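Listing of final-v1.txt; format and content: compact mmCIF, N, CA and C atoms and all ligand atoms.
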# COMPACT_ATOMS: atom_id res chain seq x y z
N MET N 1435 -219.49 -85.69 81.92
CA MET N 1435 -220.31 -84.54 81.55
C MET N 1435 -221.11 -84.86 80.27
N ASN N 1436 -222.44 -84.55 80.27
CA ASN N 1436 -223.18 -84.88 79.05
C ASN N 1436 -222.88 -83.86 77.95
N LYS N 1437 -223.26 -84.27 76.71
CA LYS N 1437 -222.84 -83.45 75.55
C LYS N 1437 -223.50 -82.08 75.53
N ASP N 1438 -224.77 -81.99 76.03
CA ASP N 1438 -225.46 -80.69 76.05
C ASP N 1438 -224.71 -79.71 76.94
N LYS N 1439 -224.32 -80.24 78.13
CA LYS N 1439 -223.63 -79.38 79.09
C LYS N 1439 -222.28 -78.93 78.53
N GLU N 1440 -221.60 -79.87 77.90
CA GLU N 1440 -220.29 -79.56 77.31
C GLU N 1440 -220.45 -78.47 76.22
N GLY N 1441 -221.51 -78.64 75.40
CA GLY N 1441 -221.77 -77.66 74.33
C GLY N 1441 -222.03 -76.28 74.90
N CYS N 1442 -222.80 -76.23 76.00
CA CYS N 1442 -223.13 -74.94 76.63
C CYS N 1442 -221.87 -74.27 77.18
N MET N 1443 -221.01 -75.09 77.80
CA MET N 1443 -219.78 -74.53 78.37
C MET N 1443 -218.89 -73.98 77.26
N GLN N 1444 -218.87 -74.70 76.14
CA GLN N 1444 -218.05 -74.23 75.00
C GLN N 1444 -218.59 -72.90 74.47
N ALA N 1445 -219.92 -72.82 74.35
CA ALA N 1445 -220.53 -71.58 73.85
C ALA N 1445 -220.24 -70.43 74.80
N ASP N 1446 -220.29 -70.71 76.12
CA ASP N 1446 -219.99 -69.65 77.10
C ASP N 1446 -218.54 -69.18 76.97
N LYS N 1447 -217.65 -70.14 76.79
CA LYS N 1447 -216.22 -69.81 76.66
C LYS N 1447 -216.00 -68.96 75.40
N GLN N 1448 -216.67 -69.37 74.30
CA GLN N 1448 -216.57 -68.61 73.03
C GLN N 1448 -217.04 -67.17 73.24
N LYS N 1449 -218.14 -67.04 73.95
CA LYS N 1449 -218.70 -65.70 74.16
C LYS N 1449 -217.75 -64.85 75.01
N GLU N 1450 -217.19 -65.50 76.01
CA GLU N 1450 -216.25 -64.79 76.90
C GLU N 1450 -215.04 -64.29 76.10
N LEU N 1451 -214.51 -65.19 75.24
CA LEU N 1451 -213.35 -64.81 74.43
C LEU N 1451 -213.73 -63.72 73.42
N ALA N 1452 -214.93 -63.84 72.86
CA ALA N 1452 -215.38 -62.84 71.88
C ALA N 1452 -215.48 -61.48 72.54
N ASN N 1453 -215.97 -61.45 73.79
CA ASN N 1453 -216.06 -60.16 74.50
C ASN N 1453 -214.67 -59.61 74.81
N GLU N 1454 -213.75 -60.52 75.13
CA GLU N 1454 -212.37 -60.08 75.40
C GLU N 1454 -211.76 -59.51 74.13
N LEU N 1455 -212.07 -60.15 73.01
CA LEU N 1455 -211.54 -59.68 71.73
C LEU N 1455 -212.12 -58.30 71.38
N LYS N 1456 -213.40 -58.15 71.64
CA LYS N 1456 -214.04 -56.85 71.38
C LYS N 1456 -213.34 -55.76 72.21
N ASN N 1457 -213.07 -56.07 73.47
CA ASN N 1457 -212.36 -55.10 74.33
C ASN N 1457 -210.95 -54.81 73.81
N ALA N 1458 -210.31 -55.86 73.27
CA ALA N 1458 -208.95 -55.68 72.74
C ALA N 1458 -208.98 -54.74 71.52
N PHE N 1459 -210.00 -54.87 70.68
CA PHE N 1459 -210.12 -53.95 69.54
C PHE N 1459 -210.32 -52.52 70.06
N ASP N 1460 -211.15 -52.38 71.09
CA ASP N 1460 -211.39 -51.05 71.65
C ASP N 1460 -210.10 -50.46 72.23
N ALA N 1461 -209.25 -51.34 72.77
CA ALA N 1461 -208.01 -50.84 73.40
C ALA N 1461 -207.02 -50.33 72.36
N VAL N 1462 -206.94 -50.98 71.20
CA VAL N 1462 -205.95 -50.53 70.21
C VAL N 1462 -206.47 -49.40 69.33
N SER N 1463 -207.78 -49.24 69.30
CA SER N 1463 -208.36 -48.32 68.33
C SER N 1463 -207.92 -46.85 68.46
N PRO N 1464 -207.91 -46.28 69.69
CA PRO N 1464 -207.59 -44.84 69.76
C PRO N 1464 -206.22 -44.50 69.17
N PHE N 1465 -205.23 -45.37 69.42
CA PHE N 1465 -203.89 -45.07 68.90
C PHE N 1465 -203.88 -45.15 67.37
N ILE N 1466 -204.57 -46.14 66.83
CA ILE N 1466 -204.63 -46.25 65.36
C ILE N 1466 -205.39 -45.04 64.78
N GLU N 1467 -206.51 -44.71 65.42
CA GLU N 1467 -207.33 -43.58 64.92
C GLU N 1467 -206.54 -42.26 64.95
N LYS N 1468 -205.76 -42.13 66.01
CA LYS N 1468 -204.95 -40.92 66.12
C LYS N 1468 -204.09 -40.75 64.86
N HIS N 1469 -203.55 -41.87 64.38
CA HIS N 1469 -202.63 -41.78 63.24
C HIS N 1469 -203.34 -41.86 61.89
N THR N 1470 -204.45 -42.60 61.81
CA THR N 1470 -205.18 -42.58 60.53
C THR N 1470 -205.73 -41.17 60.30
N SER N 1471 -206.08 -40.48 61.39
CA SER N 1471 -206.63 -39.13 61.20
C SER N 1471 -205.53 -38.17 60.70
N ILE N 1472 -204.29 -38.54 60.91
CA ILE N 1472 -203.18 -37.70 60.40
C ILE N 1472 -202.88 -38.04 58.94
N VAL N 1473 -202.77 -39.35 58.64
CA VAL N 1473 -202.27 -39.71 57.30
C VAL N 1473 -203.35 -39.97 56.25
N CYS N 1474 -204.53 -40.42 56.68
CA CYS N 1474 -205.52 -40.83 55.67
C CYS N 1474 -206.22 -39.69 54.91
N PRO N 1475 -206.50 -38.56 55.56
CA PRO N 1475 -207.25 -37.54 54.82
C PRO N 1475 -206.59 -37.09 53.52
N THR N 1476 -205.28 -37.17 53.42
CA THR N 1476 -204.64 -36.71 52.18
C THR N 1476 -204.17 -37.88 51.30
N CYS N 1477 -204.59 -39.10 51.65
CA CYS N 1477 -204.15 -40.28 50.90
C CYS N 1477 -204.76 -40.29 49.49
N GLU N 1478 -203.94 -40.63 48.52
CA GLU N 1478 -204.46 -40.67 47.14
C GLU N 1478 -204.78 -42.08 46.70
N THR N 1479 -204.40 -43.07 47.51
CA THR N 1479 -204.73 -44.47 47.15
C THR N 1479 -205.41 -45.12 48.36
N VAL N 1480 -206.58 -44.63 48.66
CA VAL N 1480 -207.31 -45.09 49.86
C VAL N 1480 -207.52 -46.61 49.81
N CYS N 1481 -207.17 -47.28 50.92
CA CYS N 1481 -207.24 -48.75 50.93
C CYS N 1481 -208.64 -49.28 51.20
N CYS N 1482 -209.58 -48.41 51.55
CA CYS N 1482 -210.93 -48.88 51.88
C CYS N 1482 -211.76 -49.13 50.64
N ILE N 1483 -211.39 -50.17 49.91
CA ILE N 1483 -212.21 -50.56 48.75
C ILE N 1483 -213.18 -51.65 49.21
N ASN N 1484 -214.22 -51.84 48.43
CA ASN N 1484 -215.32 -52.68 48.91
C ASN N 1484 -214.92 -54.10 49.26
N LYS N 1485 -213.99 -54.67 48.51
CA LYS N 1485 -213.66 -56.07 48.83
C LYS N 1485 -212.97 -56.19 50.19
N HIS N 1486 -212.33 -55.11 50.63
CA HIS N 1486 -211.68 -55.17 51.95
C HIS N 1486 -212.69 -55.10 53.09
N GLY N 1487 -213.90 -54.72 52.77
CA GLY N 1487 -214.95 -54.68 53.80
C GLY N 1487 -215.72 -55.99 53.90
N ASN N 1488 -215.28 -57.01 53.15
CA ASN N 1488 -215.95 -58.31 53.22
C ASN N 1488 -215.41 -59.15 54.38
N TYR N 1489 -216.30 -59.88 55.02
CA TYR N 1489 -215.89 -60.69 56.17
C TYR N 1489 -215.42 -62.07 55.72
N ASP N 1490 -214.36 -62.57 56.36
CA ASP N 1490 -213.96 -63.94 56.05
C ASP N 1490 -214.52 -64.87 57.13
N SER N 1491 -214.26 -66.17 56.96
CA SER N 1491 -214.90 -67.12 57.88
C SER N 1491 -214.47 -66.91 59.33
N ASN N 1492 -213.24 -66.47 59.56
CA ASN N 1492 -212.79 -66.23 60.93
C ASN N 1492 -213.50 -65.01 61.55
N ASP N 1493 -213.72 -63.98 60.73
CA ASP N 1493 -214.47 -62.82 61.23
C ASP N 1493 -215.87 -63.27 61.65
N LEU N 1494 -216.44 -64.20 60.89
CA LEU N 1494 -217.82 -64.63 61.17
C LEU N 1494 -217.90 -65.42 62.48
N VAL N 1495 -216.83 -66.17 62.80
CA VAL N 1495 -216.81 -66.90 64.08
C VAL N 1495 -216.97 -65.90 65.22
N PHE N 1496 -216.23 -64.81 65.13
CA PHE N 1496 -216.26 -63.76 66.17
C PHE N 1496 -217.65 -63.12 66.24
N ILE N 1497 -218.17 -62.74 65.10
CA ILE N 1497 -219.46 -62.06 65.06
C ILE N 1497 -220.58 -62.96 65.59
N GLU N 1498 -220.51 -64.24 65.19
CA GLU N 1498 -221.54 -65.17 65.65
C GLU N 1498 -221.42 -65.45 67.15
N ALA N 1499 -220.19 -65.51 67.64
CA ALA N 1499 -220.01 -65.75 69.09
C ALA N 1499 -220.61 -64.61 69.90
N LEU N 1500 -220.63 -63.41 69.33
CA LEU N 1500 -221.23 -62.27 70.03
C LEU N 1500 -222.75 -62.22 69.84
N GLY N 1501 -223.27 -63.11 68.98
CA GLY N 1501 -224.70 -63.15 68.72
C GLY N 1501 -225.17 -61.97 67.87
N MET N 1502 -224.23 -61.41 67.10
CA MET N 1502 -224.58 -60.26 66.25
C MET N 1502 -224.97 -60.68 64.84
N GLU N 1503 -225.71 -59.81 64.17
CA GLU N 1503 -225.97 -60.08 62.75
C GLU N 1503 -224.81 -59.56 61.93
N VAL N 1504 -224.50 -60.25 60.83
CA VAL N 1504 -223.41 -59.80 59.97
C VAL N 1504 -223.88 -58.56 59.21
N PRO N 1505 -223.07 -57.49 59.24
CA PRO N 1505 -223.48 -56.30 58.46
C PRO N 1505 -223.74 -56.65 56.99
N ARG N 1506 -224.70 -55.95 56.41
CA ARG N 1506 -225.16 -56.31 55.06
C ARG N 1506 -224.14 -56.11 53.95
N TYR N 1507 -224.24 -56.98 52.95
CA TYR N 1507 -223.43 -56.83 51.74
C TYR N 1507 -224.17 -55.95 50.75
N SER N 1508 -223.45 -55.37 49.81
CA SER N 1508 -224.09 -54.63 48.73
C SER N 1508 -223.69 -55.33 47.44
N PRO N 1509 -224.48 -56.29 46.99
CA PRO N 1509 -224.06 -57.12 45.87
C PRO N 1509 -223.81 -56.35 44.58
N ASP N 1510 -224.41 -55.16 44.45
CA ASP N 1510 -224.23 -54.41 43.20
C ASP N 1510 -222.93 -53.63 43.16
N ARG N 1511 -222.28 -53.55 44.29
CA ARG N 1511 -221.06 -52.73 44.35
C ARG N 1511 -219.85 -53.56 43.90
N LYS N 1512 -219.01 -52.95 43.06
CA LYS N 1512 -217.82 -53.69 42.59
C LYS N 1512 -216.79 -53.78 43.71
N ASP N 1513 -215.93 -54.82 43.62
CA ASP N 1513 -214.87 -55.00 44.63
C ASP N 1513 -213.98 -53.76 44.76
N THR N 1514 -213.77 -53.10 43.63
CA THR N 1514 -212.83 -51.98 43.64
C THR N 1514 -213.50 -50.63 43.94
N ASP N 1515 -214.83 -50.64 44.09
CA ASP N 1515 -215.53 -49.40 44.48
C ASP N 1515 -215.19 -49.07 45.93
N PRO N 1516 -215.43 -47.82 46.34
CA PRO N 1516 -215.23 -47.51 47.76
C PRO N 1516 -216.07 -48.44 48.64
N CYS N 1517 -215.50 -48.83 49.75
CA CYS N 1517 -216.18 -49.75 50.68
C CYS N 1517 -217.55 -49.19 51.06
N ARG N 1518 -218.51 -50.09 51.14
CA ARG N 1518 -219.88 -49.67 51.47
C ARG N 1518 -219.97 -49.04 52.87
N PHE N 1519 -218.99 -49.28 53.72
CA PHE N 1519 -219.03 -48.72 55.08
C PHE N 1519 -218.25 -47.40 55.19
N LEU N 1520 -217.64 -47.00 54.08
CA LEU N 1520 -216.83 -45.78 54.11
C LEU N 1520 -217.73 -44.56 53.95
N LYS N 1521 -217.68 -43.67 54.92
CA LYS N 1521 -218.49 -42.45 54.86
C LYS N 1521 -217.55 -41.24 54.82
N GLU N 1522 -218.17 -40.09 54.83
CA GLU N 1522 -217.37 -38.86 54.64
C GLU N 1522 -216.21 -38.74 55.63
N HIS N 1523 -216.46 -39.16 56.87
CA HIS N 1523 -215.40 -39.01 57.89
C HIS N 1523 -214.70 -40.32 58.21
N GLY N 1524 -214.72 -41.24 57.27
CA GLY N 1524 -214.01 -42.51 57.48
C GLY N 1524 -214.97 -43.67 57.65
N CYS N 1525 -214.47 -44.73 58.26
CA CYS N 1525 -215.28 -45.95 58.40
C CYS N 1525 -216.44 -45.70 59.35
N SER N 1526 -217.62 -46.18 58.94
CA SER N 1526 -218.81 -45.96 59.77
C SER N 1526 -219.00 -47.07 60.81
N LEU N 1527 -218.15 -48.09 60.78
CA LEU N 1527 -218.30 -49.20 61.74
C LEU N 1527 -217.34 -49.00 62.90
N GLU N 1528 -217.78 -49.42 64.09
CA GLU N 1528 -216.82 -49.45 65.19
C GLU N 1528 -215.74 -50.46 64.83
N ARG N 1529 -214.55 -50.26 65.34
CA ARG N 1529 -213.44 -51.10 64.89
C ARG N 1529 -213.69 -52.58 65.07
N TRP N 1530 -214.28 -52.96 66.20
CA TRP N 1530 -214.44 -54.39 66.46
C TRP N 1530 -215.44 -55.03 65.51
N VAL N 1531 -216.29 -54.21 64.85
CA VAL N 1531 -217.25 -54.77 63.90
C VAL N 1531 -216.61 -54.93 62.51
N ARG N 1532 -215.52 -54.24 62.28
CA ARG N 1532 -214.88 -54.30 60.95
C ARG N 1532 -214.19 -55.64 60.74
N PRO N 1533 -214.01 -56.05 59.50
CA PRO N 1533 -213.18 -57.23 59.27
C PRO N 1533 -211.79 -57.04 59.91
N TYR N 1534 -211.23 -58.12 60.34
CA TYR N 1534 -209.93 -58.10 61.04
C TYR N 1534 -208.86 -57.38 60.21
N ARG N 1535 -208.87 -57.62 58.91
CA ARG N 1535 -207.82 -57.03 58.05
C ARG N 1535 -207.83 -55.50 58.13
N CYS N 1536 -208.98 -54.92 58.46
CA CYS N 1536 -209.05 -53.45 58.51
C CYS N 1536 -208.21 -52.90 59.65
N THR N 1537 -208.04 -53.69 60.70
CA THR N 1537 -207.20 -53.25 61.82
C THR N 1537 -205.75 -53.63 61.59
N PHE N 1538 -205.54 -54.71 60.84
CA PHE N 1538 -204.16 -55.20 60.69
C PHE N 1538 -203.49 -54.81 59.40
N PHE N 1539 -204.06 -53.87 58.68
CA PHE N 1539 -203.36 -53.37 57.51
C PHE N 1539 -202.71 -52.04 57.89
N PHE N 1540 -201.40 -52.01 57.80
CA PHE N 1540 -200.67 -50.77 58.07
C PHE N 1540 -199.86 -50.43 56.83
N CYS N 1541 -200.32 -49.44 56.09
CA CYS N 1541 -199.53 -49.03 54.92
C CYS N 1541 -198.25 -48.36 55.43
N ASP N 1542 -197.31 -48.10 54.54
CA ASP N 1542 -196.02 -47.54 54.96
C ASP N 1542 -196.18 -46.20 55.70
N LEU N 1543 -197.09 -45.38 55.15
CA LEU N 1543 -197.28 -44.06 55.77
C LEU N 1543 -197.83 -44.17 57.18
N LEU N 1544 -198.80 -45.07 57.31
CA LEU N 1544 -199.43 -45.24 58.63
C LEU N 1544 -198.42 -45.83 59.61
N LEU N 1545 -197.67 -46.81 59.15
CA LEU N 1545 -196.68 -47.44 60.02
C LEU N 1545 -195.63 -46.42 60.49
N LYS N 1546 -195.21 -45.61 59.56
CA LYS N 1546 -194.20 -44.59 59.89
C LYS N 1546 -194.76 -43.62 60.94
N SER N 1547 -196.01 -43.25 60.76
CA SER N 1547 -196.63 -42.33 61.70
C SER N 1547 -196.77 -42.98 63.09
N LEU N 1548 -197.19 -44.24 63.13
CA LEU N 1548 -197.33 -44.95 64.41
C LEU N 1548 -195.97 -45.05 65.11
N GLU N 1549 -194.97 -45.44 64.34
CA GLU N 1549 -193.64 -45.65 64.92
C GLU N 1549 -193.00 -44.34 65.38
N GLY N 1550 -193.47 -43.25 64.78
CA GLY N 1550 -192.89 -41.94 65.12
C GLY N 1550 -193.49 -41.34 66.38
N ASP N 1551 -194.50 -42.00 66.92
CA ASP N 1551 -195.13 -41.48 68.15
C ASP N 1551 -194.21 -41.75 69.34
N ASN N 1552 -194.61 -41.30 70.49
CA ASN N 1552 -193.87 -41.53 71.73
C ASN N 1552 -193.54 -43.03 71.89
N ALA N 1553 -192.26 -43.34 72.19
CA ALA N 1553 -191.81 -44.74 72.21
C ALA N 1553 -192.58 -45.58 73.22
N LYS N 1554 -192.89 -44.99 74.36
CA LYS N 1554 -193.61 -45.74 75.39
C LYS N 1554 -195.03 -46.07 74.92
N LEU N 1555 -195.67 -45.10 74.29
CA LEU N 1555 -197.03 -45.32 73.77
C LEU N 1555 -197.02 -46.39 72.68
N PHE N 1556 -196.01 -46.30 71.81
CA PHE N 1556 -195.93 -47.27 70.71
C PHE N 1556 -195.71 -48.69 71.27
N ARG N 1557 -194.87 -48.80 72.29
CA ARG N 1557 -194.63 -50.12 72.90
C ARG N 1557 -195.91 -50.67 73.51
N ALA N 1558 -196.63 -49.81 74.21
CA ALA N 1558 -197.89 -50.24 74.84
C ALA N 1558 -198.86 -50.70 73.75
N PHE N 1559 -198.89 -49.96 72.66
CA PHE N 1559 -199.78 -50.32 71.54
C PHE N 1559 -199.42 -51.71 70.99
N THR N 1560 -198.13 -51.97 70.80
CA THR N 1560 -197.75 -53.27 70.23
C THR N 1560 -198.08 -54.41 71.21
N GLU N 1561 -197.99 -54.13 72.52
CA GLU N 1561 -198.38 -55.15 73.50
C GLU N 1561 -199.88 -55.44 73.41
N PHE N 1562 -200.67 -54.38 73.28
CA PHE N 1562 -202.12 -54.56 73.13
C PHE N 1562 -202.44 -55.36 71.86
N LEU N 1563 -201.69 -55.06 70.80
CA LEU N 1563 -201.91 -55.79 69.54
C LEU N 1563 -201.62 -57.27 69.71
N LYS N 1564 -200.52 -57.57 70.42
CA LYS N 1564 -200.15 -58.98 70.64
C LYS N 1564 -201.26 -59.68 71.43
N HIS N 1565 -201.78 -58.97 72.41
CA HIS N 1565 -202.86 -59.54 73.22
C HIS N 1565 -204.07 -59.84 72.33
N LEU N 1566 -204.37 -58.88 71.46
CA LEU N 1566 -205.52 -59.05 70.55
C LEU N 1566 -205.34 -60.32 69.69
N VAL N 1567 -204.13 -60.46 69.15
CA VAL N 1567 -203.86 -61.62 68.28
C VAL N 1567 -204.00 -62.92 69.07
N SER N 1568 -203.51 -62.91 70.30
CA SER N 1568 -203.56 -64.13 71.10
C SER N 1568 -205.01 -64.50 71.46
N VAL N 1569 -205.82 -63.51 71.83
CA VAL N 1569 -207.22 -63.81 72.17
C VAL N 1569 -207.94 -64.33 70.93
N ARG N 1570 -207.66 -63.72 69.80
CA ARG N 1570 -208.32 -64.15 68.56
C ARG N 1570 -207.94 -65.61 68.22
N GLN N 1571 -206.67 -65.93 68.43
CA GLN N 1571 -206.25 -67.31 68.16
C GLN N 1571 -206.99 -68.30 69.05
N GLN N 1572 -207.12 -67.91 70.32
CA GLN N 1572 -207.85 -68.80 71.25
C GLN N 1572 -209.31 -68.97 70.81
N LEU N 1573 -209.89 -67.87 70.36
CA LEU N 1573 -211.29 -67.93 69.93
C LEU N 1573 -211.46 -68.85 68.72
N LEU N 1574 -210.46 -68.83 67.84
CA LEU N 1574 -210.58 -69.59 66.59
C LEU N 1574 -210.18 -71.05 66.73
N GLU N 1575 -209.54 -71.38 67.86
CA GLU N 1575 -209.08 -72.77 68.03
C GLU N 1575 -210.24 -73.74 68.19
S1 LIG N 1601 -204.25 -46.55 55.80
FE1 LIG N 1601 -202.72 -45.86 54.33
S2 LIG N 1601 -203.47 -46.59 52.33
FE2 LIG N 1601 -205.17 -46.67 53.76
S3 LIG N 1601 -206.25 -44.71 53.49
FE3 LIG N 1601 -204.82 -44.45 55.20
S4 LIG N 1601 -202.96 -43.64 54.28
FE4 LIG N 1601 -204.20 -44.49 52.62
S1 LIG N 1602 -212.05 -49.88 57.56
FE1 LIG N 1602 -214.25 -49.73 57.28
S2 LIG N 1602 -214.49 -48.56 55.40
FE2 LIG N 1602 -212.39 -49.36 55.41
S3 LIG N 1602 -212.47 -51.33 54.32
FE3 LIG N 1602 -212.72 -51.73 56.50
S4 LIG N 1602 -214.95 -51.80 56.80
FE4 LIG N 1602 -214.55 -50.74 54.86
For this file, write the structure as structure tokens.
Amino acid sequence: MNKDKEGCMQADKQKELANELKNAFDAVSPFIEKHTSIVCPTCETVCCINKHGNYDSNDLVFIEALGMEVPRYSPDRKDTDPCRFLKEHGCSLERWVRPYRCTFFFCDLLLKSLEGDNAKLFRAFTEFLKHLVSVRQQLLE
């Protein structure tokens, strides 16, 4: 196989995995949102500070594989200021566009709320999360 063809096949595979990862974020999001909507509105130490909205190199692999532009930075905003994507009703980005850490940070309150939900739903959620992690690993390999 020539190198151009090999490169094209790799790009197609990356795109396929990136789309699978996007779907995996969509699958876990409703359950997380259900619980963030319970615990976050009264939180006094909101975790959405600006530095947490920054993308790392692995996030960029995903975004680039989808052919998307990276959401803009606000260079004047301090790391500890509220995240530039945080709006009145929470994060303004769809979950799959957010940095990975935004989905994988579970504070104690949030974790307790998730675990306190129906056991079957919680189990299904953890299976979806495992799937998400596995697809992401494949994409980054
Ligand atoms: S996830 Fe936890 S720390 Fe972050 S805003 Fe919600 S309650 Fe607060
Ligand atoms: S969830 Fe949204 S608002 Fe919160 S840190 Fe991440 S990108 Fe910013």
Exercise for review: Have a look at N:Ala1553, N:Leu1527, N:Ala1499, N:Val1473 and name the one nearest to ligand LIG 1601 (chain N); count only N, CA and C atoms and all ligand atoms.
Suggested key: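 Distance minimum relative to ligand LIG 1601 (chain N) lands on N:Val1473.
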Point to revise | Minimum-distance residue to Lys1468 of chain N, chosen among N:Leu1548, N:Cys1442, N:Leu1455, N:Cys1525 (using all atoms listed in the file) | key: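 Selected residue with least distance to Lys1468 of chain N: N:Leu1548.
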Review point. So which one's closest to ligand LIG 1602 (chain N), N:Pro1505, N:Gly1441, N:Gly1487, N:Pro1475? Using only N, CA and C atoms and all ligand atoms, please.
Key: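 That would be N:Gly1487, the residue with the smallest distance to ligand LIG 1602 (chain N).
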Check your understanding: Can you tell me which residues sit at most 7 Å away from ligand LIG 1602 (chain N), counting only C-alpha atoms and all ligand atoms, written as a VMD selection string?
Key -> chain N and resid 1481 to 1484 1486 to 1487 1517 to 1520 1524 to 1527 1532 to 1533 1536
Residues up to 6 Å from ligand LIG 1601 (chain N), counting only N, CA and C atoms and all ligand atoms: could you list those as an mmCIF file with N, CA and C atoms, in the frame of the given file?
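Written file, selection-v4.cif:
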data_model
loop_
_atom_site.group_PDB
_atom_site.id
_atom_site.type_symbol
_atom_site.label_atom_id
_atom_site.label_comp_id
_atom_site.auth_asym_id
_atom_site.auth_seq_id
_atom_site.Cartn_x
_atom_site.Cartn_y
_atom_site.Cartn_z
ATOM 1 N N THR N 1470 -204.450 -42.600 61.810
ATOM 2 C CA THR N 1470 -205.180 -42.580 60.530
ATOM 3 C C THR N 1470 -205.730 -41.170 60.300
ATOM 4 N N VAL N 1473 -202.770 -39.350 58.640
ATOM 5 C CA VAL N 1473 -202.270 -39.710 57.300
ATOM 6 C C VAL N 1473 -203.350 -39.970 56.250
ATOM 7 N N CYS N 1474 -204.530 -40.420 56.680
ATOM 8 C CA CYS N 1474 -205.520 -40.830 55.670
ATOM 9 C C CYS N 1474 -206.220 -39.690 54.910
ATOM 10 N N CYS N 1477 -204.590 -39.100 51.650
ATOM 11 C CA CYS N 1477 -204.150 -40.280 50.900
ATOM 12 C C CYS N 1477 -204.760 -40.290 49.490
ATOM 13 N N GLU N 1478 -203.940 -40.630 48.520
ATOM 14 C CA GLU N 1478 -204.460 -40.670 47.140
ATOM 15 C C GLU N 1478 -204.780 -42.080 46.700
ATOM 16 N N THR N 1479 -204.400 -43.070 47.510
ATOM 17 C CA THR N 1479 -204.730 -44.470 47.150
ATOM 18 C C THR N 1479 -205.410 -45.120 48.360
ATOM 19 N N VAL N 1480 -206.580 -44.630 48.660
ATOM 20 C CA VAL N 1480 -207.310 -45.090 49.860
ATOM 21 C C VAL N 1480 -207.520 -46.610 49.810
ATOM 22 N N CYS N 1481 -207.170 -47.280 50.920
ATOM 23 C CA CYS N 1481 -207.240 -48.750 50.930
ATOM 24 C C CYS N 1481 -208.640 -49.280 51.200
ATOM 25 N N CYS N 1482 -209.580 -48.410 51.550
ATOM 26 C CA CYS N 1482 -210.930 -48.880 51.880
ATOM 27 C C CYS N 1482 -211.760 -49.130 50.640
ATOM 28 N N PHE N 1540 -201.400 -52.010 57.800
ATOM 29 C CA PHE N 1540 -200.670 -50.770 58.070
ATOM 30 C C PHE N 1540 -199.860 -50.430 56.830
ATOM 31 N N CYS N 1541 -200.320 -49.440 56.090
ATOM 32 C CA CYS N 1541 -199.530 -49.030 54.920
ATOM 33 C C CYS N 1541 -198.250 -48.360 55.430
ATOM 34 N N ASP N 1542 -197.310 -48.100 54.540
ATOM 35 C CA ASP N 1542 -196.020 -47.540 54.960
ATOM 36 C C ASP N 1542 -196.180 -46.200 55.700
ATOM 37 N N LEU N 1543 -197.090 -45.380 55.150
ATOM 38 C CA LEU N 1543 -197.280 -44.060 55.770
ATOM 39 C C LEU N 1543 -197.830 -44.170 57.180
ATOM 40 N N LEU N 1544 -198.800 -45.070 57.310
ATOM 41 C CA LEU N 1544 -199.430 -45.240 58.630
ATOM 42 C C LEU N 1544 -198.420 -45.830 59.610
#
Practice item. Would you mind reading off the distance between atom N of Asp1513 of chain N and atom CA of Asp1493 of chain N, one decimal, in Å? Key: 19.4 Å
**Study point:** Atomic distance atom CA of Ile1472 of chain N - atom CA of Glu1528 of chain N, expressed in Å with one decimal
**Key:** 18.6 Å
Exercise for review: For atom C of Leu1545 of chain N and atom N of Val1531 of chain N, quote the distance in Å rounded to one decimal.
Suggested key: 22.5 Å
**Study point:** strand (DSSP E) residues, from DSSP on the backbone, in chain N, as a ChimeraX atom specification
**Key:** /N:1520-1521,1524-1525
Restricting the output to N, CA and C atoms, write the selected residues as a PDB file, in the coordinates of the input.
ATOM      1  N   LEU N1520    -217.640 -47.000  54.080  1.00  0.00           N
ATOM      2  CA  LEU N1520    -216.830 -45.780  54.110  1.00  0.00           C
ATOM      3  C   LEU N1520    -217.730 -44.560  53.950  1.00  0.00           C
ATOM      4  N   LYS N1521    -217.680 -43.670  54.920  1.00  0.00           N
ATOM      5  CA  LYS N1521    -218.490 -42.450  54.860  1.00  0.00           C
ATOM      6  C   LYS N1521    -217.550 -41.240  54.820  1.00  0.00           C
ATOM      7  N   GLY N1524    -214.720 -41.240  57.270  1.00  0.00           N
ATOM      8  CA  GLY N1524    -214.010 -42.510  57.480  1.00  0.00           C
ATOM      9  C   GLY N1524    -214.970 -43.670  57.650  1.00  0.00           C
ATOM     10  N   CYS N1525    -214.470 -44.730  58.260  1.00  0.00           N
ATOM     11  CA  CYS N1525    -215.280 -45.950  58.400  1.00  0.00           C
ATOM     12  C   CYS N1525    -216.440 -45.700  59.350  1.00  0.00           C
TER      13      CYS N1525
END
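With all atoms listed in the file as the basis for measurement, N:Val1495 is the residue among N:Met1443, N:Ala1558, N:Val1495, N:Ala1461 that approaches Leu1573 of chain N most closely.
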